[in-house]
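Asks: Just one file: my_file.pdb, with PDB, C-alpha atoms.
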ATOM      1  CA  MET I   1     -16.090  -9.814-109.928  1.00  0.00           C
ATOM      2  CA  SER I   2     -13.650  -7.760-108.036  1.00  0.00           C
ATOM      3  CA  SER I   3     -13.427  -8.099-104.253  1.00  0.00           C
ATOM      4  CA  ILE I   4     -13.203  -5.326-101.693  1.00  0.00           C
ATOM      5  CA  PRO I   5      -9.966  -5.580 -99.699  1.00  0.00           C
ATOM      6  CA  TYR I   6     -10.380  -6.071 -95.901  1.00  0.00           C
ATOM      7  CA  SER I   7      -8.975  -3.310 -93.705  1.00  0.00           C
ATOM      8  CA  SER I   8      -8.827  -2.941 -89.898  1.00  0.00           C
ATOM      9  CA  TYR I   9     -10.156   0.327 -88.603  1.00  0.00           C
ATOM     10  CA  SER I  10      -9.763   1.690 -85.022  1.00  0.00           C
ATOM     11  CA  ARG I  11     -12.796   3.606 -83.999  1.00  0.00           C
ATOM     12  CA  THR I  12     -12.981   5.706 -80.798  1.00  0.00           C
ATOM     13  CA  THR I  13     -16.320   6.835 -79.567  1.00  0.00           C
ATOM     14  CA  SER I  14     -16.934  10.222 -78.077  1.00  0.00           C
ATOM     15  CA  MET I  15     -17.889   8.604 -74.736  1.00  0.00           C
ATOM     16  CA  LEU I  16     -14.573   6.754 -74.461  1.00  0.00           C
ATOM     17  CA  SER I  17     -12.606   9.871 -75.268  1.00  0.00           C
ATOM     18  CA  SER I  18     -14.538  11.775 -72.651  1.00  0.00           C
ATOM     19  CA  ASN I  19     -13.884   9.095 -70.013  1.00  0.00           C
ATOM     20  CA  GLN I  20     -10.183   9.053 -70.761  1.00  0.00           C
ATOM     21  CA  LEU I  21     -10.028  12.803 -70.479  1.00  0.00           C
ATOM     22  CA  MET I  22     -11.895  12.754 -67.162  1.00  0.00           C
ATOM     23  CA  TYR I  23      -9.519  10.078 -65.844  1.00  0.00           C
ATOM     24  CA  GLN I  24      -6.512  12.193 -66.739  1.00  0.00           C
ATOM     25  CA  LEU I  25      -8.072  15.252 -65.144  1.00  0.00           C
ATOM     26  CA  ARG I  26      -8.841  13.357 -61.931  1.00  0.00           C
ATOM     27  CA  LYS I  27      -5.312  11.960 -61.842  1.00  0.00           C
ATOM     28  CA  ILE I  28      -3.814  15.408 -62.263  1.00  0.00           C
ATOM     29  CA  GLN I  29      -6.170  16.789 -59.628  1.00  0.00           C
ATOM     30  CA  SER I  30      -5.203  13.992 -57.203  1.00  0.00           C
ATOM     31  CA  GLU I  31      -1.498  14.607 -57.780  1.00  0.00           C
ATOM     32  CA  MET I  32      -1.987  18.322 -57.210  1.00  0.00           C
ATOM     33  CA  SER I  33      -3.897  17.589 -54.001  1.00  0.00           C
ATOM     34  CA  ASP I  34      -1.119  15.270 -52.803  1.00  0.00           C
ATOM     35  CA  ALA I  35       1.492  17.903 -53.597  1.00  0.00           C
ATOM     36  CA  GLN I  36      -0.481  20.572 -51.758  1.00  0.00           C
ATOM     37  CA  ASN I  37      -0.928  18.260 -48.767  1.00  0.00           C
ATOM     38  CA  ALA I  38       2.805  17.483 -48.732  1.00  0.00           C
ATOM     39  CA  ILE I  39       3.618  21.201 -48.758  1.00  0.00           C
ATOM     40  CA  THR I  40       1.126  21.902 -45.972  1.00  0.00           C
ATOM     41  CA  THR I  41       2.144  19.035 -43.674  1.00  0.00           C
ATOM     42  CA  GLY I  42       5.802  18.901 -44.607  1.00  0.00           C
ATOM     43  CA  GLN I  43       5.413  15.160 -45.211  1.00  0.00           C
ATOM     44  CA  ALA I  44       6.039  13.612 -48.594  1.00  0.00           C
ATOM     45  CA  ILE I  45       4.205  10.427 -47.606  1.00  0.00           C
ATOM     46  CA  ASN I  46       0.857  10.581 -45.825  1.00  0.00           C
ATOM     47  CA  LYS I  47      -0.576   7.125 -46.464  1.00  0.00           C
ATOM     48  CA  PRO I  48       0.867   3.705 -47.302  1.00  0.00           C
ATOM     49  CA  SER I  49      -0.240   3.901 -50.925  1.00  0.00           C
ATOM     50  CA  ASP I  50       1.976   6.957 -51.449  1.00  0.00           C
ATOM     51  CA  ALA I  51       5.087   4.757 -51.147  1.00  0.00           C
ATOM     52  CA  PRO I  52       4.288   1.053 -50.717  1.00  0.00           C
ATOM     53  CA  THR I  53       7.951   0.018 -50.736  1.00  0.00           C
ATOM     54  CA  LEU I  54       8.796   2.372 -47.866  1.00  0.00           C
ATOM     55  CA  THR I  55       5.800   1.622 -45.656  1.00  0.00           C
ATOM     56  CA  SER I  56       7.501  -0.926 -43.370  1.00  0.00           C
ATOM     57  CA  ALA I  57      10.517   1.317 -42.799  1.00  0.00           C
ATOM     58  CA  ILE I  58       8.299   4.314 -42.089  1.00  0.00           C
ATOM     59  CA  LEU I  59       6.180   2.350 -39.612  1.00  0.00           C
ATOM     60  CA  LEU I  60       9.350   1.242 -37.800  1.00  0.00           C
ATOM     61  CA  VAL I  61      10.551   4.833 -37.509  1.00  0.00           C
ATOM     62  CA  VAL I  62       7.141   5.960 -36.249  1.00  0.00           C
ATOM     63  CA  GLU I  63       7.156   3.191 -33.635  1.00  0.00           C
ATOM     64  CA  GLN I  64      10.614   4.221 -32.439  1.00  0.00           C
ATOM     65  CA  MET I  65       9.556   7.862 -32.242  1.00  0.00           C
ATOM     66  CA  GLU I  66       6.493   6.962 -30.172  1.00  0.00           C
ATOM     67  CA  ALA I  67       8.634   4.830 -27.840  1.00  0.00           C
ATOM     68  CA  ARG I  68      11.092   7.696 -27.423  1.00  0.00           C
ATOM     69  CA  GLU I  69       8.261  10.087 -26.597  1.00  0.00           C
ATOM     70  CA  GLN I  70       6.963   7.648 -23.981  1.00  0.00           C
ATOM     71  CA  HIS I  71      10.444   7.319 -22.485  1.00  0.00           C
ATOM     72  CA  GLU I  72      10.682  11.102 -22.220  1.00  0.00           C
ATOM     73  CA  ASN I  73       7.314  11.175 -20.448  1.00  0.00           C
ATOM     74  CA  ASN I  74       8.557   8.452 -18.099  1.00  0.00           C
ATOM     75  CA  LEU I  75      11.680  10.468 -17.319  1.00  0.00           C
ATOM     76  CA  ASP I  76       9.590  13.535 -16.501  1.00  0.00           C
ATOM     77  CA  TYR I  77       7.418  11.459 -14.168  1.00  0.00           C
ATOM     78  CA  ILE I  78      10.443   9.802 -12.549  1.00  0.00           C
ATOM     79  CA  SER I  79      12.022  13.211 -11.973  1.00  0.00           C
ATOM     80  CA  THR I  80       8.840  14.473 -10.305  1.00  0.00           C
ATOM     81  CA  MET I  81       8.604  11.429  -8.037  1.00  0.00           C
ATOM     82  CA  LEU I  82      12.268  11.477  -7.003  1.00  0.00           C
ATOM     83  CA  ASN I  83      12.145  15.217  -6.315  1.00  0.00           C
ATOM     84  CA  ASN I  84       9.249  14.555  -3.949  1.00  0.00           C
ATOM     85  CA  VAL I  85      11.195  11.719  -2.307  1.00  0.00           C
ATOM     86  CA  ASP I  86      14.163  14.057  -1.766  1.00  0.00           C
ATOM     87  CA  GLN I  87      11.899  16.726  -0.280  1.00  0.00           C
ATOM     88  CA  ALA I  88      10.266  14.210   2.052  1.00  0.00           C
ATOM     89  CA  MET I  89      13.677  12.975   3.229  1.00  0.00           C
ATOM     90  CA  ALA I  90      14.728  16.572   3.893  1.00  0.00           C
ATOM     91  CA  ASP I  91      11.539  17.163   5.894  1.00  0.00           C
ATOM     92  CA  VAL I  92      12.195  14.014   7.944  1.00  0.00           C
ATOM     93  CA  ALA I  93      15.719  15.247   8.678  1.00  0.00           C
ATOM     94  CA  THR I  94      14.385  18.652   9.774  1.00  0.00           C
ATOM     95  CA  VAL I  95      11.841  17.176  12.186  1.00  0.00           C
ATOM     96  CA  SER I  96      14.430  14.705  13.524  1.00  0.00           C
ATOM     97  CA  ILE I  97      16.906  17.509  14.244  1.00  0.00           C
ATOM     98  CA  GLU I  98      14.196  19.459  16.046  1.00  0.00           C
ATOM     99  CA  ALA I  99      13.315  16.382  18.121  1.00  0.00           C
ATOM    100  CA  HIS I 100      16.978  15.836  18.971  1.00  0.00           C
ATOM    101  CA  SER I 101      17.348  19.443  20.081  1.00  0.00           C
ATOM    102  CA  LEU I 102      14.226  19.123  22.208  1.00  0.00           C
ATOM    103  CA  ALA I 103      15.585  15.982  23.867  1.00  0.00           C
ATOM    104  CA  LEU I 104      18.887  17.694  24.662  1.00  0.00           C
ATOM    105  CA  SER I 105      17.052  20.648  26.172  1.00  0.00           C
ATOM    106  CA  GLN I 106      15.427  18.324  28.707  1.00  0.00           C
ATOM    107  CA  ILE I 107      18.749  17.056  30.050  1.00  0.00           C
ATOM    108  CA  GLY I 108      20.116  18.787  33.089  1.00  0.00           C
ATOM    109  CA  ILE I 109      19.010  20.506  36.246  1.00  0.00           C
ATOM    110  CA  THR I 110      16.922  23.093  34.381  1.00  0.00           C
ATOM    111  CA  SER I 111      14.426  20.425  33.362  1.00  0.00           C
ATOM    112  CA  ASP I 112      12.001  18.683  35.677  1.00  0.00           C
ATOM    113  CA  GLU I 113       8.958  16.475  35.384  1.00  0.00           C
ATOM    114  CA  GLY I 114       6.711  19.458  34.771  1.00  0.00           C
ATOM    115  CA  THR I 115       8.703  20.779  31.820  1.00  0.00           C
ATOM    116  CA  ARG I 116       8.998  17.295  30.353  1.00  0.00           C
ATOM    117  CA  GLN I 117       5.243  16.847  30.557  1.00  0.00           C
ATOM    118  CA  ALA I 118       4.793  20.185  28.802  1.00  0.00           C
ATOM    119  CA  GLU I 119       7.144  19.164  26.005  1.00  0.00           C
ATOM    120  CA  ALA I 120       5.418  15.790  25.585  1.00  0.00           C
ATOM    121  CA  SER I 121       2.731  17.397  23.414  1.00  0.00           C
ATOM    122  CA  VAL I 122       5.468  18.778  21.156  1.00  0.00           C
ATOM    123  CA  VAL I 123       6.947  15.300  20.798  1.00  0.00           C
ATOM    124  CA  ASP I 124       3.516  13.891  19.923  1.00  0.00           C
ATOM    125  CA  ALA I 125       3.124  16.554  17.227  1.00  0.00           C
ATOM    126  CA  GLN I 126       6.557  15.716  15.836  1.00  0.00           C
ATOM    127  CA  MET I 127       5.710  12.013  15.713  1.00  0.00           C
ATOM    128  CA  SER I 128       2.472  12.790  13.896  1.00  0.00           C
ATOM    129  CA  ALA I 129       4.328  15.031  11.439  1.00  0.00           C
ATOM    130  CA  LEU I 130       6.879  12.300  10.723  1.00  0.00           C
ATOM    131  CA  LEU I 131       4.109   9.773  10.112  1.00  0.00           C
ATOM    132  CA  ASP I 132       2.438  12.139   7.648  1.00  0.00           C
ATOM    133  CA  ILE I 133       5.719  12.730   5.807  1.00  0.00           C
ATOM    134  CA  VAL I 134       6.658   9.067   5.374  1.00  0.00           C
ATOM    135  CA  ASN I 135       3.131   8.297   4.116  1.00  0.00           C
ATOM    136  CA  ARG I 136       3.098  11.011   1.449  1.00  0.00           C
ATOM    137  CA  LYS I 137       1.754  10.111  -1.991  1.00  0.00           C
ATOM    138  CA  VAL I 138       2.051  11.599  -5.465  1.00  0.00           C
ATOM    139  CA  LEU I 139      -0.706  10.623  -7.895  1.00  0.00           C
ATOM    140  CA  ASP I 140      -1.733   7.949  -5.363  1.00  0.00           C
ATOM    141  CA  ILE I 141       1.762   6.416  -5.439  1.00  0.00           C
ATOM    142  CA  GLY I 142       3.398   6.151  -2.012  1.00  0.00           C
ATOM    143  CA  LEU I 143       6.851   7.731  -1.919  1.00  0.00           C
ATOM    144  CA  PHE I 144       8.099   5.102   0.536  1.00  0.00           C
ATOM    145  CA  ASN I 145       5.762   2.171  -0.179  1.00  0.00           C
ATOM    146  CA  GLY I 146       8.141   0.365  -2.500  1.00  0.00           C
ATOM    147  CA  ASN I 147       6.270  -1.668  -5.103  1.00  0.00           C
ATOM    148  CA  SER I 148       3.437  -2.634  -2.763  1.00  0.00           C
ATOM    149  CA  ASN I 149      -0.185  -1.578  -3.209  1.00  0.00           C
ATOM    150  CA  SER I 150      -0.111   2.191  -3.704  1.00  0.00           C
ATOM    151  CA  GLY I 151      -3.455   2.555  -1.947  1.00  0.00           C
ATOM    152  CA  ASN I 152      -2.018   1.486   1.418  1.00  0.00           C
ATOM    153  CA  GLU I 153       0.039   3.534   3.839  1.00  0.00           C
ATOM    154  CA  ALA I 154       3.687   2.613   4.209  1.00  0.00           C
ATOM    155  CA  PHE I 155       3.857   3.146   7.980  1.00  0.00           C
ATOM    156  CA  VAL I 156       1.096   2.427  10.493  1.00  0.00           C
ATOM    157  CA  GLU I 157       0.840   2.780  14.243  1.00  0.00           C
ATOM    158  CA  PHE I 158       1.282  -0.558  15.982  1.00  0.00           C
ATOM    159  CA  MET I 159       1.394  -1.447  19.685  1.00  0.00           C
ATOM    160  CA  GLY I 160       2.510   1.985  20.773  1.00  0.00           C
ATOM    161  CA  GLY I 161       5.061   2.273  17.987  1.00  0.00           C
ATOM    162  CA  VAL I 162       5.222   2.432  14.202  1.00  0.00           C
ATOM    163  CA  ARG I 163       5.450  -0.513  11.827  1.00  0.00           C
ATOM    164  CA  TYR I 164       6.476  -0.545   8.159  1.00  0.00           C
ATOM    165  CA  VAL I 165       4.049  -2.520   5.969  1.00  0.00           C
ATOM    166  CA  GLY I 166       5.422  -1.669   2.523  1.00  0.00           C
ATOM    167  CA  ALA I 167       7.718  -3.655   0.242  1.00  0.00           C
ATOM    168  CA  GLU I 168      11.506  -3.910   0.162  1.00  0.00           C
ATOM    169  CA  THR I 169      11.802  -3.211  -3.580  1.00  0.00           C
ATOM    170  CA  ASN I 170      10.831  -0.105  -5.527  1.00  0.00           C
ATOM    171  CA  LEU I 171       8.574   0.666  -8.470  1.00  0.00           C
ATOM    172  CA  ILE I 172      10.499   0.794 -11.751  1.00  0.00           C
ATOM    173  CA  ALA I 173       9.951   2.272 -15.204  1.00  0.00           C
ATOM    174  CA  GLU I 174      11.577   1.997 -18.617  1.00  0.00           C
ATOM    175  CA  THR I 175      13.530   4.972 -19.910  1.00  0.00           C
ATOM    176  CA  GLY I 176      15.152   3.520 -23.003  1.00  0.00           C
ATOM    177  CA  LEU I 177      18.329   2.727 -21.082  1.00  0.00           C
ATOM    178  CA  SER I 178      19.771  -0.735 -20.600  1.00  0.00           C
ATOM    179  CA  ASN I 179      18.444  -0.889 -17.029  1.00  0.00           C
ATOM    180  CA  GLU I 180      15.073   0.127 -15.640  1.00  0.00           C
ATOM    181  CA  VAL I 181      14.979   3.045 -13.199  1.00  0.00           C
ATOM    182  CA  ALA I 182      13.315   3.077  -9.766  1.00  0.00           C
ATOM    183  CA  TYR I 183      11.040   6.061  -9.239  1.00  0.00           C
ATOM    184  CA  ASN I 184      10.114   5.773  -5.565  1.00  0.00           C
ATOM    185  CA  SER I 185      11.743   4.495  -2.382  1.00  0.00           C
ATOM    186  CA  ASN I 186      10.882   2.103   0.423  1.00  0.00           C
ATOM    187  CA  GLY I 187      11.041   2.217   4.186  1.00  0.00           C
ATOM    188  CA  ALA I 188      13.795  -0.373   4.393  1.00  0.00           C
ATOM    189  CA  GLU I 189      16.372   1.529   2.336  1.00  0.00           C
ATOM    190  CA  ALA I 190      15.253   5.034   3.340  1.00  0.00           C
ATOM    191  CA  PHE I 191      14.863   4.575   7.101  1.00  0.00           C
ATOM    192  CA  GLY I 192      16.088   1.068   7.907  1.00  0.00           C
ATOM    193  CA  ALA I 193      12.516   0.256   8.871  1.00  0.00           C
ATOM    194  CA  LEU I 194      13.016  -3.507   8.687  1.00  0.00           C
ATOM    195  CA  GLY I 195      15.919  -3.600  11.117  1.00  0.00           C
ATOM    196  CA  TYR I 196      15.916  -6.209  13.852  1.00  0.00           C
ATOM    197  CA  VAL I 197      17.129  -6.004  17.440  1.00  0.00           C
ATOM    198  CA  PHE I 198      19.226  -8.922  18.667  1.00  0.00           C
ATOM    199  CA  GLY I 199      20.398  -9.495  22.225  1.00  0.00           C
ATOM    200  CA  ASP I 200      19.149  -9.866  25.765  1.00  0.00           C
ATOM    201  CA  VAL I 201      19.515  -6.253  26.883  1.00  0.00           C
ATOM    202  CA  ASP I 202      16.476  -4.851  28.663  1.00  0.00           C
ATOM    203  CA  LEU I 203      15.223  -1.991  26.494  1.00  0.00           C
ATOM    204  CA  ASN I 204      13.090  -0.612  29.328  1.00  0.00           C
ATOM    205  CA  PRO I 205      15.278  -1.021  32.420  1.00  0.00           C
ATOM    206  CA  THR I 206      14.290  -0.080  35.958  1.00  0.00           C
ATOM    207  CA  ALA I 207      16.933   0.931  38.488  1.00  0.00           C
ATOM    208  CA  THR I 208      17.017  -1.007  41.769  1.00  0.00           C
ATOM    209  CA  ASN I 209      19.308  -1.020  44.794  1.00  0.00           C
ATOM    210  CA  SER I 210      21.299  -3.850  43.236  1.00  0.00           C
ATOM    211  CA  THR I 211      21.796  -2.103  39.885  1.00  0.00           C
ATOM    212  CA  ARG I 212      25.500  -1.750  39.195  1.00  0.00           C
ATOM    213  CA  LEU I 213      26.783   1.729  38.483  1.00  0.00           C
ATOM    214  CA  LYS I 214      28.925   0.493  35.609  1.00  0.00           C
ATOM    215  CA  ASP I 215      25.761  -0.697  33.844  1.00  0.00           C
ATOM    216  CA  VAL I 216      24.290   2.816  33.880  1.00  0.00           C
ATOM    217  CA  ASP I 217      25.170   4.910  30.828  1.00  0.00           C
ATOM    218  CA  GLY I 218      23.676   8.137  32.106  1.00  0.00           C
ATOM    219  CA  ALA I 219      21.736  10.815  30.228  1.00  0.00           C
ATOM    220  CA  THR I 220      24.720  11.731  28.062  1.00  0.00           C
ATOM    221  CA  ASP I 221      25.697   8.087  27.436  1.00  0.00           C
ATOM    222  CA  ASN I 222      29.055   8.654  29.146  1.00  0.00           C
ATOM    223  CA  GLY I 223      28.459   6.432  32.151  1.00  0.00           C
ATOM    224  CA  VAL I 224      28.656   7.348  35.844  1.00  0.00           C
ATOM    225  CA  ARG I 225      31.847   9.071  36.978  1.00  0.00           C
ATOM    226  CA  LEU I 226      32.705   8.144  40.536  1.00  0.00           C
ATOM    227  CA  GLY I 227      34.378  10.544  42.916  1.00  0.00           C
ATOM    228  CA  SER I 228      33.686  12.737  45.910  1.00  0.00           C
ATOM    229  CA  LEU I 229      30.638  14.942  46.381  1.00  0.00           C
ATOM    230  CA  GLN I 230      30.366  17.988  48.576  1.00  0.00           C
ATOM    231  CA  LEU I 231      26.925  18.434  50.076  1.00  0.00           C
ATOM    232  CA  ASP I 232      25.932  21.680  51.745  1.00  0.00           C
ATOM    233  CA  GLY I 233      23.059  21.561  54.237  1.00  0.00           C
ATOM    234  CA  ASP I 234      22.166  24.012  56.990  1.00  0.00           C
ATOM    235  CA  GLY I 235      25.508  25.722  56.570  1.00  0.00           C
ATOM    236  CA  ASN I 236      27.460  22.528  57.029  1.00  0.00           C
ATOM    237  CA  THR I 237      29.540  21.057  54.211  1.00  0.00           C
ATOM    238  CA  VAL I 238      29.933  17.307  54.100  1.00  0.00           C
ATOM    239  CA  THR I 239      32.161  15.369  51.703  1.00  0.00           C
ATOM    240  CA  VAL I 240      30.811  12.030  50.528  1.00  0.00           C
ATOM    241  CA  ASP I 241      33.296   9.645  48.943  1.00  0.00           C
ATOM    242  CA  LEU I 242      31.678   7.518  46.223  1.00  0.00           C
ATOM    243  CA  THR I 243      34.927   6.315  44.706  1.00  0.00           C
ATOM    244  CA  THR I 244      34.412   2.726  45.809  1.00  0.00           C
ATOM    245  CA  ALA I 245      30.631   2.620  45.299  1.00  0.00           C
ATOM    246  CA  ARG I 246      29.518  -0.258  43.112  1.00  0.00           C
ATOM    247  CA  THR I 247      25.703  -0.223  43.245  1.00  0.00           C
ATOM    248  CA  PHE I 248      22.894   2.245  43.766  1.00  0.00           C
ATOM    249  CA  ASN I 249      22.545   0.877  47.292  1.00  0.00           C
ATOM    250  CA  ASP I 250      26.152   1.888  48.026  1.00  0.00           C
ATOM    251  CA  VAL I 251      25.361   5.439  46.940  1.00  0.00           C
ATOM    252  CA  VAL I 252      22.159   5.624  49.002  1.00  0.00           C
ATOM    253  CA  THR I 253      23.904   4.221  52.081  1.00  0.00           C
ATOM    254  CA  ARG I 254      26.739   6.747  51.944  1.00  0.00           C
ATOM    255  CA  LEU I 255      24.422   9.651  51.365  1.00  0.00           C
TER     256      LEU I 255
END
Could you show the structure in this file as structure tokens?
Replies:
Amino acid sequence: MSSIPYSSYSRTTSMLSSNQLMYQLRKIQSEMSDAQNAITTGQAINKPSDAPTLTSAILLVVEQMEAREQHENNLDYISTMLNNVDQAMADVATVSIEAHSLALSQIGITSDEGTRQAEASVVDAQMSALLDIVNRKVLDIGLFNGNSNSGNEAFVEFMGGVRYVGAETNLIAETGLSNEVAYNSNGAEAFGALGYVFGDVDLNPTATNSTRLKDVDGATDNGVRLGSLQLDGDGNTVTVDLTTARTFNDVVTRL
């Protein structure tokens, strides 16, 4: 009896062929979609699976780009703040010059108690203007607060004067440089607000008969120049020699 030789046959069903064809079509469609997306966005890689070996390098570049963008934003903000600080300093200088001119105008025989009283309201307005300037804020950040609480004022009225309550160091920001950059100022460095007075000199002196003439600086801070005075009264001219006067009492006695 003859035997039938064994043979191996590879059979492919219609369903399998159809699935393989659909897989190839989907793959081609996906590749076409990726190519179209790359053309539209200008990016060859849009998700990690597009290039797994390059993902870490791409993420590092993206992180550096985001940091650079933040640094640029910080620089814009710093520029805005410092421009406002410069403007405030210029405004302080303007008001100070006006106050100095006003003070000089009240020195001399053309000024009396009445005119000084009239100008007192101007001085009060100038003081108020200066207080407003040094307490300016931008985005709730005090220009002269230093790194203290931005919600507080830098300068406050205190016992008839003004006291600085801010910090001695400034707010800082990163800009990508080796050192951080300050973007506001403080009362200590801008106006010397934390200065101290040392000594035993009376800051509110009162002249008496025993006050020495050499201790009096005078309105122009040049001291008292001794000499002879000519006084004219009722048509009579009298010369008063004050050369050897030493105190206010000496002057009063000789007059």
Asks: Pick from I:Leu177, I:Asp241, I:Lys47, I:Ile39: nearest to I:Asn74, with only C-alpha atoms counted?
Replies: I:Leu177
Asks: If you measure from atom CA of I:Ser228 to atom CA of I:Asn209, what distance in Å do you get, rounded to one decimal?
Replies: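 Interatomic distance, atom CA of I:Ser228 to atom CA of I:Asn209: 19.9 Å.
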Asks: Would you work out the distance separating atom CA of I:Val85 from atom CA of I:Phe144, expressed in Å to one decimal?
Replies: 7.8 Å
Asks: Rank nothing, just name the residue among I:Asp86, I:Tyr164, I:Gly42, I:Glu63 nearest to I:Gly192, using all atoms listed in the file.
Replies: I:Tyr164
Asks: Within 12 Å of stretch 91-106 of chain I, counting only C-alpha atoms, which residues show up once you throw out same-chain ones fewer than 2 positions away? Write them as a PyMOL selection string, please.
Replies: chain I and resi 84-89+108-136+190-191+219-220
Asks: What does the structure give for the distance between atom CA of I:Asn170 and atom CA of I:Ser185, in Å to one decimal?
Replies: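 Here the two named atoms are 5.6 Å from each other.
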Asks: Name the closest residue to I:Ala188 among the candidates I:Asn145, I:Val238, I:Val156, I:Pro205; distances are taken between atoms, counting all atoms listed in the file.
Replies: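 Looking at the shortest contact to I:Ala188, the residue is I:Asn145.
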Asks: Determine the nearest neighbour of I:Val162 from the options I:Val62, I:Ala193, I:Asn83, I:Thr237, counting all atoms listed in the file.
Replies: I:Ala193
Asks: Residues picked by the PyMOL selection byres ((chain I and resi 224) around 12) here, as a count of residues only?
Replies: 22
Asks: Because some atoms of stretch 117-123 of chain I are absent here, can you restore all heavy atoms and send them as a short mmCIF file (atom, residue, chain, number, x, y, z; two decimals), in the frame of the given file?
Replies:
data_model
loop_
_atom_site.label_atom_id
_atom_site.label_comp_id
_atom_site.auth_asym_id
_atom_site.auth_seq_id
_atom_site.Cartn_x
_atom_site.Cartn_y
_atom_site.Cartn_z
N GLN I 117 6.65 17.08 30.89
CA GLN I 117 5.24 16.85 30.56
C GLN I 117 4.75 17.89 29.56
O GLN I 117 3.97 17.58 28.64
CB GLN I 117 4.39 16.90 31.83
CG GLN I 117 4.55 15.69 32.74
CD GLN I 117 3.97 14.43 32.14
OE1 GLN I 117 3.13 14.48 31.24
NE2 GLN I 117 4.44 13.28 32.62
N ALA I 118 5.21 19.12 29.72
CA ALA I 118 4.79 20.18 28.80
C ALA I 118 5.32 19.95 27.40
O ALA I 118 4.66 20.25 26.39
CB ALA I 118 5.27 21.53 29.33
N GLU I 119 6.54 19.41 27.31
CA GLU I 119 7.14 19.16 26.00
C GLU I 119 6.63 17.88 25.36
O GLU I 119 6.88 17.63 24.18
CB GLU I 119 8.67 19.08 26.13
CG GLU I 119 9.34 20.36 26.60
CD GLU I 119 9.20 21.50 25.60
OE1 GLU I 119 8.74 21.25 24.47
OE2 GLU I 119 9.54 22.64 25.95
N ALA I 120 5.92 17.06 26.13
CA ALA I 120 5.42 15.79 25.58
C ALA I 120 4.46 16.03 24.42
O ALA I 120 4.45 15.28 23.44
CB ALA I 120 4.73 14.99 26.68
N SER I 121 3.66 17.09 24.51
CA SER I 121 2.73 17.40 23.41
C SER I 121 3.49 17.78 22.15
O SER I 121 3.04 17.48 21.03
CB SER I 121 1.79 18.53 23.83
OG SER I 121 2.53 19.70 24.16
N VAL I 122 4.64 18.43 22.32
CA VAL I 122 5.47 18.78 21.16
C VAL I 122 6.01 17.52 20.50
O VAL I 122 6.03 17.39 19.27
CB VAL I 122 6.62 19.71 21.58
CG1 VAL I 122 7.50 20.04 20.37
CG2 VAL I 122 6.08 20.98 22.21
N VAL I 123 6.43 16.57 21.33
CA VAL I 123 6.95 15.30 20.80
C VAL I 123 5.85 14.55 20.05
O VAL I 123 6.08 13.99 18.97
CB VAL I 123 7.50 14.43 21.94
CG1 VAL I 123 7.91 13.06 21.41
CG2 VAL I 123 8.69 15.12 22.60
#
